[in-house]
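Presented below is the structure to which this report refers.
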Amino acid sequence: MIDLGQELEEHSRIGAEGASERFADPATRAALRVTIANAKRRANVIILAAGFAIIGVSAGAWAEPRIVPQPAPPSPSASASAVAEAPVGQLPKLDSPNYLTELGGAYRTSDTITCNIIPIAPMVEQAYPYPGSIPPLPSWIEADRIYGLPDLFPPRYPIPLYSRDGSPYFGLANTAIPQLYPKDAEVVVALIAEDGSWWGFDAKFEVVDVMPFDPAGMFVTLTPNPECHGGLRSEDDTHVPPGHYDARVMVNRTDVTYGNVIKDFGDVEIVTGLPSVPSLHVTE
């Protein structure tokens, strides 16, 4: 019997070969990114459900989505700023259709990936949009959850992804974490600005049962990595400024089950204050 998942994986690897040589004009690349981002903004619950329906599970074990990719040239610099900002006061809420990012592409290798490769890795764009790639990133992040507030909010405070009771995909994501991000894996989230400056954060995905300001569920904790950054504005390791960024996740594993990967999650907005916790009255 043909293993469809295995066949699609083979197509994916073939499509990735030679991707680093397929460069495109920056203006063309930026226009493509805008088109993709606009399509993502129009995602709805139906698309979200359809995306999760293509998850492959074999013999009861988790497997990453097997998707036939389409080769795409690497992006020499981020183009997230071309994405229109969400209207004021309309940031997507936890467990809503647009709260999570979508997997826009991936770069796979059997070699160890270093931080400086993250912004320039050639992505192979997926043939289908895959909302909420397990586990994804939020479409917006409060800077104070990363850096904290004196005497009020501790640094490296977890950022919610799925609530236990409000998201139908919490259980699926909980099953996926040990498979995709084992404890001994190196996981880094990079936020890349339009001018090429970027900030790297060590990432930890976990389930937290008791939180003072958030419902129980799945969270990601971002810890600034002073050795993982680039560009003029990030050299002094100061806070990442508010604005839109291209977000990529680097995973170095010690096993060969999936290999090492950089995943492109497209546009993520960094906002100041804590709009998700209005009881603290911190908005600036």
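Going by the structure tokens order, chains are called A, B, ..., each with residues numbered from 1, while ligands are numbered from 1 in the order shown.
Residues in contact with Ile141 in chain A at up to 10 Å, not including ones fewer than 5 positions away on its chain and judged by only C-alpha atoms, are Ile146, Ile159, Pro160, Pro242, Val268, Glu269, Ile270, Val271, Thr272, Gly273, Leu274 and Ser276 of chain A.
Among the candidate residues A:Ser234, A:Ser163, A:Asn174, A:Gln179, the one lying nearest to Gly196 in chain A is A:Ser234, with distances computed using only C-alpha atoms.
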task = Go ahead and compute the interatomic distance for CA of Phe205 in chain A and CA of Leu232 in chain A, in Å to one decimal.
result =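 Atom-to-atom, CA of Phe205 in chain A to CA of Leu232 in chain A, that is 29.4 Å.
Between Asp165 in chain A and the residues A:Cys228, A:Leu91, A:Met218, A:Val124, the shortest atom-to-atom distance, using only C-alpha atoms, involves A:Met218.
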